[in-house]
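Dropping data_29.txt in here (compact mmCIF, C-alpha atoms and all ligand atoms):
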```txt
# COMPACT_ATOMS: atom_id res chain seq x y z
CA MET A 1 3.71 -20.48 -17.81
CA ALA A 2 3.63 -22.11 -14.36
CA LYS A 3 1.42 -20.40 -11.82
CA ALA A 4 1.26 -20.60 -8.05
CA THR A 5 2.34 -24.02 -6.76
CA HIS A 6 0.84 -23.60 -3.29
CA LEU A 7 0.17 -21.16 -0.47
CA GLU A 8 2.17 -21.18 2.73
CA CYS A 9 1.33 -19.88 6.22
CA ALA A 10 3.75 -17.07 7.13
CA LEU A 11 3.58 -18.08 10.81
CA CYS A 12 3.61 -21.90 11.01
CA GLY A 13 4.61 -22.87 7.46
CA GLU A 14 1.59 -25.09 6.77
CA ARG A 15 0.89 -25.59 3.04
CA PHE A 16 -2.39 -25.02 1.24
CA GLU A 17 -3.37 -25.94 -2.28
CA ALA A 18 -3.29 -23.28 -5.01
CA GLY A 19 -6.44 -22.53 -6.99
CA ALA A 20 -8.79 -22.79 -4.00
CA VAL A 21 -10.56 -20.33 -1.72
CA HIS A 22 -8.54 -19.58 1.42
CA GLY A 23 -8.65 -17.18 4.35
CA LEU A 24 -6.26 -17.26 7.29
CA CYS A 25 -4.38 -20.36 8.42
CA SER A 26 -5.98 -22.16 11.38
CA CYS A 27 -3.09 -20.80 13.50
CA GLY A 28 -4.15 -17.25 12.62
CA GLY A 29 -1.24 -16.59 10.25
CA PRO A 30 -1.64 -14.97 6.82
CA LEU A 31 -0.98 -17.07 3.71
CA LEU A 32 1.71 -16.24 1.17
CA VAL A 33 1.53 -17.42 -2.46
CA ARG A 34 4.49 -19.51 -3.65
CA TYR A 35 5.58 -20.16 -7.24
CA ASP A 36 7.93 -22.49 -9.06
CA LEU A 37 10.58 -19.80 -9.35
CA ASP A 38 13.15 -22.01 -11.11
CA HIS A 39 10.66 -22.72 -13.84
CA ILE A 40 9.71 -19.06 -14.20
CA ARG A 41 13.41 -18.11 -14.16
CA SER A 42 14.12 -20.36 -17.14
CA ARG A 43 11.30 -18.87 -19.22
CA TRP A 44 11.01 -15.26 -18.22
CA PRO A 45 14.29 -13.34 -18.21
CA ARG A 46 13.97 -9.76 -17.07
CA ARG A 47 14.71 -8.42 -20.55
CA LEU A 48 11.22 -9.67 -21.57
CA VAL A 49 9.46 -7.62 -18.91
CA PRO A 50 9.25 -4.39 -20.97
CA ASN A 51 7.20 -6.31 -23.56
CA GLY A 52 4.34 -6.44 -21.07
CA PRO A 53 1.53 -3.88 -20.78
CA PRO A 54 2.15 -0.49 -19.08
CA ASN A 55 0.39 -1.55 -15.88
CA MET A 56 1.12 -3.99 -13.05
CA TRP A 57 0.08 -6.95 -15.21
CA ARG A 58 3.45 -6.65 -16.98
CA TYR A 59 4.57 -8.98 -14.12
CA ARG A 60 1.84 -11.44 -14.90
CA PRO A 61 4.06 -14.57 -14.92
CA ILE A 62 4.69 -13.99 -11.20
CA LEU A 63 1.07 -13.15 -10.30
CA PRO A 64 -1.52 -15.74 -9.22
CA PRO A 65 -4.30 -15.86 -11.85
CA ALA A 66 -4.25 -19.07 -13.87
CA GLU A 67 -6.84 -17.94 -16.41
CA ASP A 68 -6.53 -15.29 -19.10
CA ARG A 69 -9.08 -12.88 -17.77
CA VAL A 70 -7.89 -10.16 -15.39
CA VAL A 71 -9.95 -7.36 -13.86
CA THR A 72 -7.93 -4.27 -14.64
CA LEU A 73 -8.52 -0.53 -14.65
CA GLY A 74 -4.92 0.24 -15.64
CA GLU A 75 -3.36 0.04 -12.17
CA GLY A 76 0.38 0.22 -11.57
CA TRP A 77 3.38 1.29 -13.66
CA THR A 78 3.18 4.59 -11.82
CA PRO A 79 5.89 7.20 -12.34
CA LEU A 80 9.10 7.32 -10.32
CA LEU A 81 9.73 11.06 -10.14
CA GLN A 82 13.03 12.63 -9.17
CA ALA A 83 12.46 15.20 -6.41
CA ARG A 84 15.31 17.66 -6.92
CA ARG A 85 14.01 20.72 -5.09
CA LEU A 86 12.80 18.76 -2.08
CA GLY A 87 16.07 16.81 -2.12
CA ALA A 88 18.15 19.98 -2.21
CA ARG A 89 16.26 21.44 0.76
CA ILE A 90 16.51 18.36 3.00
CA GLY A 91 19.98 17.27 1.88
CA ALA A 92 19.32 14.25 -0.32
CA ASP A 93 21.18 14.27 -3.64
CA GLN A 94 19.25 11.34 -5.10
CA LEU A 95 15.64 11.39 -4.04
CA TRP A 96 12.64 9.98 -5.86
CA VAL A 97 8.91 9.81 -5.24
CA LYS A 98 7.05 6.74 -6.47
CA ASP A 99 3.69 8.36 -7.13
CA GLU A 100 0.94 5.86 -6.41
CA GLY A 101 -1.62 8.67 -6.39
CA LEU A 102 -1.95 8.16 -10.16
CA ASN A 103 -3.57 4.76 -9.75
CA PRO A 104 -7.27 4.15 -10.49
CA THR A 105 -9.22 5.29 -7.39
CA GLY A 106 -6.23 7.45 -6.41
CA SER A 107 -4.26 5.03 -4.25
CA PHE A 108 -2.00 1.98 -4.46
CA LYS A 109 -4.88 -0.09 -3.01
CA ALA A 110 -5.93 -0.53 -6.65
CA ARG A 111 -3.05 -2.96 -7.17
CA GLY A 112 -4.11 -5.31 -4.39
CA LEU A 113 -7.76 -5.26 -5.30
CA SER A 114 -7.22 -5.74 -9.03
CA CYS A 115 -5.44 -8.97 -8.16
CA ALA A 116 -7.84 -10.05 -5.40
CA ILE A 117 -10.99 -9.44 -7.45
CA THR A 118 -9.44 -11.22 -10.42
CA MET A 119 -8.92 -14.24 -8.16
CA CYS A 120 -12.49 -13.97 -6.80
CA LEU A 121 -13.84 -14.27 -10.34
CA GLU A 122 -11.53 -17.16 -11.10
CA LEU A 123 -12.51 -19.02 -7.89
CA GLY A 124 -16.25 -18.43 -8.31
CA ILE A 125 -16.70 -15.90 -5.48
CA ARG A 126 -19.57 -13.49 -6.22
CA LYS A 127 -20.05 -11.56 -2.93
CA VAL A 128 -17.25 -9.88 -1.03
CA ALA A 129 -17.06 -7.79 2.15
CA ILE A 130 -14.36 -5.49 3.48
CA PRO A 131 -13.64 -3.40 6.57
CA SER A 132 -11.62 -0.40 5.49
CA ALA A 133 -10.11 2.84 6.73
CA GLY A 134 -11.05 4.31 3.36
CA ASN A 135 -8.97 3.72 0.23
CA ALA A 136 -9.22 -0.07 0.20
CA ALA A 137 -12.99 0.30 0.20
CA GLY A 138 -12.94 2.66 -2.77
CA ALA A 139 -10.68 0.32 -4.71
CA LEU A 140 -12.74 -2.74 -3.82
CA ALA A 141 -15.93 -0.97 -4.89
CA ALA A 142 -14.40 0.00 -8.24
CA TYR A 143 -12.99 -3.43 -9.09
CA ALA A 144 -16.12 -5.20 -7.90
CA ALA A 145 -18.11 -2.93 -10.21
CA ALA A 146 -15.75 -3.70 -13.10
CA ALA A 147 -16.08 -7.42 -12.40
CA GLY A 148 -19.84 -7.37 -11.77
CA ILE A 149 -19.64 -8.79 -8.26
CA GLU A 150 -21.39 -7.62 -5.09
CA ALA A 151 -19.39 -5.53 -2.57
CA HIS A 152 -20.31 -4.94 1.10
CA ILE A 153 -18.26 -2.22 2.71
CA PHE A 154 -17.83 -1.27 6.39
CA LEU A 155 -16.25 2.13 7.06
CA PRO A 156 -15.61 4.13 10.24
CA ARG A 157 -18.20 6.93 10.32
CA ASP A 158 -15.47 9.60 10.18
CA VAL A 159 -13.88 8.21 7.00
CA PRO A 160 -12.90 10.91 4.45
CA GLN A 161 -15.93 12.04 2.47
CA SER A 162 -14.22 11.08 -0.80
CA ASN A 163 -14.06 7.43 0.26
CA TYR A 164 -17.71 7.35 1.26
CA LEU A 165 -18.77 9.00 -2.01
CA GLU A 166 -16.71 6.78 -4.29
CA CYS A 167 -18.08 3.61 -2.66
CA GLU A 168 -21.63 4.79 -3.14
CA ALA A 169 -20.92 5.86 -6.73
CA TYR A 170 -19.41 2.47 -7.59
CA GLY A 171 -22.61 0.85 -6.37
CA ALA A 172 -21.32 -0.88 -3.22
CA ARG A 173 -23.52 -1.54 -0.14
CA VAL A 174 -21.99 0.80 2.44
CA THR A 175 -22.33 0.58 6.25
CA LEU A 176 -20.91 3.39 8.40
CA VAL A 177 -19.70 2.19 11.80
CA ASP A 178 -19.19 4.17 15.02
CA GLY A 179 -15.64 3.03 15.70
CA LEU A 180 -12.32 2.14 14.11
CA ILE A 181 -11.35 -0.23 11.30
CA SER A 182 -10.96 -2.93 13.98
CA ASP A 183 -14.66 -2.52 14.84
CA CYS A 184 -15.55 -2.72 11.15
CA ALA A 185 -13.48 -5.91 10.89
CA ARG A 186 -15.39 -7.48 13.76
CA LEU A 187 -18.73 -6.73 12.07
CA VAL A 188 -17.57 -8.26 8.79
CA ALA A 189 -16.26 -11.38 10.57
CA GLU A 190 -19.58 -11.76 12.44
CA ARG A 191 -21.86 -11.31 9.45
CA ALA A 192 -19.87 -12.87 6.61
CA PRO A 193 -20.67 -16.58 7.21
CA ALA A 194 -24.46 -16.12 7.33
CA GLU A 195 -24.51 -13.66 4.41
CA GLY A 196 -22.23 -15.77 2.22
CA TRP A 197 -19.68 -12.97 1.88
CA PHE A 198 -16.03 -13.66 1.22
CA ASP A 199 -13.99 -11.60 3.72
CA ILE A 200 -11.43 -9.67 1.70
CA SER A 201 -9.81 -7.97 4.75
CA THR A 202 -6.15 -7.02 4.67
CA LEU A 203 -4.02 -10.19 4.80
CA LYS A 204 -7.01 -12.41 5.61
CA GLU A 205 -7.23 -12.83 1.87
CA PRO A 206 -3.98 -13.98 0.25
CA TYR A 207 -4.03 -12.24 -3.13
CA ARG A 208 -4.09 -8.52 -2.29
CA ILE A 209 -0.49 -8.81 -1.20
CA GLU A 210 0.43 -10.27 -4.60
CA GLY A 211 -0.91 -7.18 -6.34
CA LYS A 212 0.87 -4.87 -3.92
CA LYS A 213 4.19 -6.62 -4.34
CA THR A 214 4.34 -5.23 -7.87
CA MET A 215 5.44 -1.92 -6.26
CA GLY A 216 8.70 -3.74 -5.49
CA TYR A 217 9.10 -5.11 -9.02
CA GLU A 218 8.43 -1.68 -10.49
CA VAL A 219 10.92 0.22 -8.39
CA ALA A 220 13.59 -2.32 -9.40
CA GLU A 221 12.72 -2.10 -13.09
CA GLN A 222 12.45 1.70 -13.05
CA MET A 223 15.89 1.96 -11.39
CA ASP A 224 17.36 -0.37 -13.98
CA TRP A 225 17.39 -3.37 -11.59
CA GLU A 226 19.55 -1.56 -9.05
CA LEU A 227 17.49 -1.20 -5.84
CA PRO A 228 17.75 2.08 -3.91
CA ASP A 229 19.56 2.41 -0.56
CA ALA A 230 16.42 3.28 1.37
CA ILE A 231 12.66 2.96 0.89
CA PHE A 232 10.20 4.98 2.97
CA TYR A 233 6.80 3.39 3.18
CA PRO A 234 3.78 4.72 5.14
CA THR A 235 2.77 1.68 7.14
CA GLY A 236 -0.77 0.93 8.22
CA GLY A 237 -1.51 -2.77 7.75
CA GLY A 238 1.99 -3.05 6.30
CA VAL A 239 0.92 -5.02 3.24
CA GLY A 240 2.86 -2.86 0.81
CA MET A 241 6.02 -3.33 2.86
CA ILE A 242 5.49 -7.10 3.16
CA GLY A 243 4.71 -7.31 -0.55
CA MET A 244 7.83 -5.40 -1.61
CA TRP A 245 9.99 -7.52 0.68
CA LYS A 246 8.53 -10.66 -0.90
CA ALA A 247 9.11 -9.21 -4.37
CA PHE A 248 12.79 -8.60 -3.61
CA ASP A 249 13.25 -12.23 -2.54
CA GLU A 250 11.45 -13.47 -5.64
CA MET A 251 13.52 -11.26 -7.92
CA GLU A 252 16.73 -12.51 -6.35
CA ARG A 253 15.64 -16.10 -6.97
CA LEU A 254 14.74 -15.18 -10.54
CA GLY A 255 18.30 -13.92 -10.95
CA TRP A 256 17.12 -10.35 -11.59
CA ILE A 257 18.78 -8.65 -8.59
CA GLY A 258 21.49 -9.47 -6.06
CA ALA A 259 21.31 -9.99 -2.30
CA ARG A 260 21.55 -6.32 -1.33
CA ARG A 261 18.35 -4.81 0.07
CA PRO A 262 17.27 -1.23 0.64
CA LYS A 263 16.89 -0.09 4.24
CA MET A 264 13.14 -0.50 4.70
CA ILE A 265 11.70 2.37 6.73
CA ALA A 266 8.18 2.18 8.15
CA VAL A 267 6.57 5.59 8.64
CA GLN A 268 3.63 5.86 11.02
CA ALA A 269 1.53 8.61 12.61
CA GLU A 270 2.23 9.81 16.15
CA GLY A 271 -1.39 9.08 16.99
CA CYS A 272 -1.15 5.43 15.87
CA GLN A 273 2.32 3.91 15.94
CA PRO A 274 2.15 0.26 17.02
CA VAL A 275 4.97 -0.78 14.66
CA VAL A 276 7.30 1.99 15.83
CA ARG A 277 6.71 1.03 19.46
CA ALA A 278 7.34 -2.67 18.77
CA PHE A 279 10.47 -1.86 16.76
CA GLU A 280 11.88 0.31 19.54
CA ASP A 281 11.00 -2.28 22.21
CA HIS A 282 12.65 -5.08 20.17
CA GLU A 283 9.36 -6.99 20.17
CA PRO A 284 8.50 -9.51 17.43
CA ARG A 285 4.85 -8.36 17.34
CA SER A 286 3.00 -5.12 18.01
CA ARG A 287 0.44 -4.38 20.71
CA PHE A 288 -2.97 -2.80 20.04
CA TRP A 289 -2.62 1.00 19.91
CA GLU A 290 -5.38 2.49 22.08
CA ASP A 291 -7.32 5.53 20.90
CA ALA A 292 -5.74 5.56 17.44
CA ARG A 293 -6.15 8.90 15.70
CA THR A 294 -4.61 10.58 12.66
CA VAL A 295 -5.78 12.38 9.53
CA ALA A 296 -3.80 9.80 7.55
CA SER A 297 -6.69 7.35 7.50
CA GLY A 298 -4.57 4.64 5.84
CA LEU A 299 -2.26 4.66 8.87
CA ARG A 300 -5.04 4.26 11.42
CA VAL A 301 -4.51 0.54 11.95
CA PRO A 302 -4.14 -0.13 15.69
CA LYS A 303 -2.86 -3.72 15.39
CA PRO A 304 -1.60 -4.90 12.00
CA LEU A 305 -2.14 -8.61 11.40
CA GLY A 306 1.17 -8.90 9.55
CA ASP A 307 3.19 -6.85 12.07
CA PHE A 308 5.77 -9.65 12.53
CA LEU A 309 6.52 -9.65 8.79
CA VAL A 310 6.92 -5.87 8.71
CA LEU A 311 9.20 -5.91 11.76
CA GLU A 312 11.27 -8.67 10.21
CA ALA A 313 11.76 -6.65 7.00
CA LEU A 314 12.76 -3.56 8.98
CA ARG A 315 15.31 -5.49 11.05
CA LYS A 316 16.78 -7.67 8.31
CA SER A 317 17.24 -4.67 6.03
CA GLY A 318 18.90 -2.46 8.63
CA GLY A 319 15.97 -0.08 8.36
CA THR A 320 13.93 1.56 11.07
CA ALA A 321 10.47 2.78 12.09
CA ILE A 322 9.60 6.41 12.74
CA ALA A 323 6.48 8.40 13.57
CA VAL A 324 5.53 11.92 12.48
CA SER A 325 2.74 14.16 13.72
CA ASP A 326 -0.32 15.08 11.67
CA SER A 327 0.79 18.69 11.37
CA GLU A 328 4.24 17.58 10.17
CA MET A 329 2.50 15.44 7.52
CA LEU A 330 0.31 18.26 6.28
CA ASP A 331 3.21 20.73 6.22
CA ALA A 332 5.33 18.21 4.34
CA GLY A 333 2.42 17.61 1.97
CA ALA A 334 2.08 21.32 1.22
CA ARG A 335 5.82 21.58 0.56
CA LEU A 336 5.93 18.48 -1.62
CA ALA A 337 3.10 19.96 -3.68
CA SER A 338 4.66 23.41 -4.06
CA GLU A 339 8.22 22.18 -4.59
CA GLU A 340 7.58 19.18 -6.83
CA GLY A 341 4.06 19.43 -8.19
CA ILE A 342 3.07 16.26 -6.38
CA PHE A 343 -0.04 16.60 -4.23
CA ALA A 344 0.38 13.65 -1.89
CA ALA A 345 -1.93 11.95 0.56
CA PRO A 346 -0.93 12.74 4.19
CA GLU A 347 0.43 9.16 4.35
CA GLY A 348 2.81 9.83 1.46
CA ALA A 349 3.70 13.25 2.80
CA ALA A 350 4.61 11.57 6.10
CA CYS A 351 7.46 9.87 4.22
CA ALA A 352 8.89 13.23 3.20
CA ALA A 353 8.74 14.47 6.80
CA ALA A 354 10.36 11.25 8.06
CA CYS A 355 13.07 11.40 5.42
CA GLU A 356 14.00 14.92 6.46
CA LYS A 357 14.37 13.71 10.07
CA LEU A 358 16.49 10.67 9.22
CA LEU A 359 18.82 12.78 7.07
CA ALA A 360 19.13 15.40 9.82
CA CYS A 361 20.09 12.81 12.46
CA GLY A 362 22.60 11.09 10.18
CA PHE A 363 20.74 7.77 9.80
CA LEU A 364 20.81 8.44 6.04
CA LYS A 365 23.54 10.19 4.03
CA SER A 366 23.15 12.78 1.31
CA ALA A 367 24.57 10.38 -1.30
CA ASP A 368 22.02 7.64 -0.50
CA ARG A 369 19.54 6.80 -3.24
CA ILE A 370 16.18 7.23 -1.53
CA VAL A 371 12.65 6.39 -2.68
CA LEU A 372 9.57 7.77 -0.93
CA TYR A 373 6.27 6.02 -1.59
CA ASN A 374 3.40 8.41 -2.02
CA THR A 375 0.61 5.89 -1.58
CA GLY A 376 -2.30 8.11 -2.61
CA THR A 377 -3.44 11.43 -4.00
CA GLY A 378 -3.98 14.45 -1.76
CA LEU A 379 -7.25 15.08 -3.57
CA LYS A 380 -8.91 12.33 -1.54
CA TYR A 381 -8.13 14.22 1.70
CA ILE A 382 -10.15 17.39 1.30
CA GLU A 383 -11.05 17.65 5.00
CA ALA A 384 -7.47 17.17 6.21
CA TYR A 385 -5.90 19.66 3.80
CA SER A 386 -8.68 22.17 4.32
CA THR A 387 -7.30 22.75 7.82
CA ARG A 388 -3.97 23.66 6.19
CA PHE A 389 -5.48 25.78 3.42
CA PRO A 390 -8.64 27.34 4.85
CA ARG A 391 -10.77 29.12 2.28
CA VAL A 392 -11.13 32.75 3.31
CA ALA A 393 -14.48 34.45 2.77
CA SER A 394 -14.59 36.34 -0.51
CA SER A 395 -14.96 39.75 1.17
CA GLU A 396 -11.71 39.14 3.06
CA GLN A 397 -9.99 38.06 -0.13
CA ASP A 398 -11.10 41.35 -1.69
CA LYS A 399 -9.42 43.20 1.13
CA LEU A 400 -6.29 41.15 0.64
CA GLY A 401 -6.37 42.10 -3.03
CA GLY A 402 -6.62 38.42 -3.90
CA LEU A 403 -9.62 37.51 -5.97
CA ILE A 404 -12.05 39.49 -8.04
CA THR A 405 -15.44 38.27 -6.88
CA PRO A 406 -18.53 38.49 -9.07
CA ARG A 407 -21.19 40.88 -7.74
C1 LIG A 501 -3.85 1.74 3.01
C2 LIG A 501 -2.97 2.89 2.89
C3 LIG A 501 -1.69 2.91 3.47
C4 LIG A 501 -1.18 1.78 4.32
O1 LIG A 501 -0.95 0.67 3.52
P1 LIG A 501 -0.44 -0.72 4.05
O2 LIG A 501 0.27 -1.33 2.91
O3 LIG A 501 -1.60 -1.52 4.47
O4 LIG A 501 0.48 -0.46 5.20
C5 LIG A 501 -0.90 4.00 3.24
N1 LIG A 501 -1.32 5.04 2.51
C6 LIG A 501 -2.53 5.08 1.93
C7 LIG A 501 -2.92 6.27 1.13
C8 LIG A 501 -3.39 3.99 2.09
O5 LIG A 501 -4.58 4.02 1.51
```
Output the file's structure in the form of structure tokens.
Amino acid sequence: MAKATHLECALCGERFEAGAVHGLCSCGGPLLVRYDLDHIRSRWPRRLVPNGPPNMWRYRPILPPAEDRVVTLGEGWTPLLQARRLGARIGADQLWVKDEGLNPTGSFKARGLSCAITMCLELGIRKVAIPSAGNAAGALAAYAAAAGIEAHIFLPRDVPQSNYLECEAYGARVTLVDGLISDCARLVAERAPAEGWFDISTLKEPYRIEGKKTMGYEVAEQMDWELPDAIFYPTGGGVGMIGMWKAFDEMERLGWIGARRPKMIAVQAEGCQPVVRAFEDHEPRSRFWEDARTVASGLRVPKPLGDFLVLEALRKSGGTAIAVSDSEMLDAGARLASEEGIFAAPEGAACAAACEKLLACGFLKSADRIVLYNTGTGLKYIEAYSTRFPRVASSEQDKLGGLITPR
């Protein structure tokens, strides 16, 4: 089956050859992988898709590796769960949660890094480096371990403990940085050339987005090729949003879906909302968000490199961008857990809080088919949820008649 034909700069349109190592375009734009879609269309009708494996590699004909070998830990093909109780409370008759918390390493970052590390092996790259707010680092460390390649990871010092621990456990070389992900990115960019590291930063490397786009293919397949009316996506770097938008275009050209698109809704944190601000100001790009802070570490991206692509998807789809506070996220997370049995990352919970707001103000209707992306598991956010569920001392629990404590 035909593979990628070339890569194309999303900003200036310049073409790059497939099957070679690439970073950003010289103009600073990220590269998108292009395929011979007519060829794929003639050989891969959508009725063949269910023959594939129960992971994201079921969409292999539209993914970049040319060789047989893929680095997989079983990522993707996550459940799309109907949320009836939550829906009834907030007034949505048809509400689903796409639960990405079930991925290897507990977040959807596994999809991007399975694809990126597969391409590293194929292209002969043996040392990679990443700046990360947390989950991308854990996923990189795991896939690098599975592939037997060297991973150098730069994390903000206040990253969730789970992310630090998993990176160490997977055998990565970890550096904790006093600063934000943008400071980590600067360190990687400075050191990578001399160290011989390939910089696998969000969107600076073209294949992570290809893995993440499978979230768009899956939601279409799981809804019987009828896309929902609205998709809520917690937006940090925005790669998932950009990837899904690309997937919808590809599927239309494959003849799998029509021209209708869901309203794409970017959810951000009040303490870091560059995309919301740019959307409201009708700007094509975002401005750096000063003093970014939120417990949703995946949303702490002060200036997304692909902001213009996210904003384009929001506008073309008739969607919007909305911010929620950290306490709204954690409350929504607690409710999602107790009402649906889904313990979401604060990022995913933010989608539930945002959905409630957009139903209340009439932007969405009760009959709309709505999908919320829970991008990670709540179990990776022990510190954040501990503020919501403090553990009372055992003597106090005795008084409350709660627990029987051993003497
Ligand atoms: C990285 C991350 C996000 C943001 O993802 P983007 O696609 O880069 O916007 C959201 N939620 C979680 C849990 C993440 O790890």
### Task
Enumerate residues in contact with ligand LIG 501 (chain A): an atom-to-atom distance of at most 6 Å, counting all atoms listed in the file. Format the result as a list in words.
Ser107, Asn135, Pro234, Thr235, Gly236, Gly237, Gly238, Val239, Gly240, Gly298, Leu299, Ala345, Glu347, Thr375 and Gly376 of chain A
### Query
Hey, which of A:Arg84, A:Arg34, A:His39, A:Arg287 ends up closest to Gly13 of chain A? Count all atoms listed in the file.
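Counting all atoms listed in the file, the residue closest to Gly13 of chain A is A:Arg34.
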### Task
To one decimal in Å, tell me the separation between atom CA of Val49 of chain A and atom CA of Ile265 of chain A.
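Interatomic distance here is 27.6 Å.
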### Message
Between atom CA of Ala367 of chain A and atom CA of Phe232 of chain A, what is the distance in Å, rounded to a tenth?
### Response
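So the two atoms, atom CA of Ala367 of chain A and atom CA of Phe232 of chain A, lie 15.9 Å apart.
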### Message
Which polymer residues, whether protein, DNA or RNA, lie within 10 Å of the coordinate (-6.1, 1.0, -5.9) when you count all atoms listed in the file? List them as a PyMOL selection string, using the chain letters and numbers from the file.
### Response
chain A and resi 73-76+100-114+135-140+142-143+211-212+375-376
If I wrap all listed atoms of segment 108-118 of chain A in a box with edges along x, y and z and add 5 Å on each side, what are its centre and edge lengths in Å to one decimal, as JSON?
```
{"center_x": -6.5, "center_y": -4.6, "center_z": -6.7, "size_x": 19.0, "size_y": 23.2, "size_z": 17.4}
```
### Nearest-residue call for Ala116 of chain A, choices A:Gly28, A:Pro302, A:Pro284, A:Pro206, using all atoms listed in the file
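Closest candidate: A:Pro206.
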### Query
Near Leu180 of chain A, counting all atoms listed in the file, which residues have an atom at most 12 Å away, once you skip same-chain residues fewer than 6 positions from it, shown as a PyMOL selection string?
chain A and resi 131-134+154-159+186-187+272+289-294+297-303
### Task
Write out as a VMD selection string each polymer residue whose atoms come within 9 Å of Thr118 of chain A, counting only C-alpha atoms; drop sequence neighbours fewer than 5 positions from it.
chain A and resid 65 69 to 72 113 123 143 147
### For atom CA of Pro193 of chain A and atom CA of Phe16 of chain A, the interatomic separation in Å (one decimal)
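That distance, rounded to one decimal, is 21.0 Å.
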### Task
For Asp38 of chain A, work out the shell of residues within 12 Å, counting all atoms listed in the file and skipping chain neighbours fewer than 3 positions away, then give it as a list in words.
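Answer for this query is Met1, Ala2, Lys3, Thr5, Arg34, Tyr35, Arg41, Ser42, Arg43, Trp44, Pro45, Ile62, Glu250, Met251, Glu252, Arg253, Leu254 and Gly255 of chain A.
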### Message
Quick one: residues within 9 Å of Glu356 of chain A, all atoms listed in the file, excluding same-chain residues fewer than 2 positions away - as a list in words?
### Response
Arg89, Ile90, Gly91, Ala92, Cys351, Ala352, Ala353, Ala354, Leu358, Leu359, Ala360 and Cys361 of chain A
#### Entry: 12 Å contact set for Lys263 of chain A, only C-alpha atoms, chain neighbours under 4 positions out, as a PyMOL selection string
chain A and resi 227-233+241+245+312-321+358+363-364+368-372
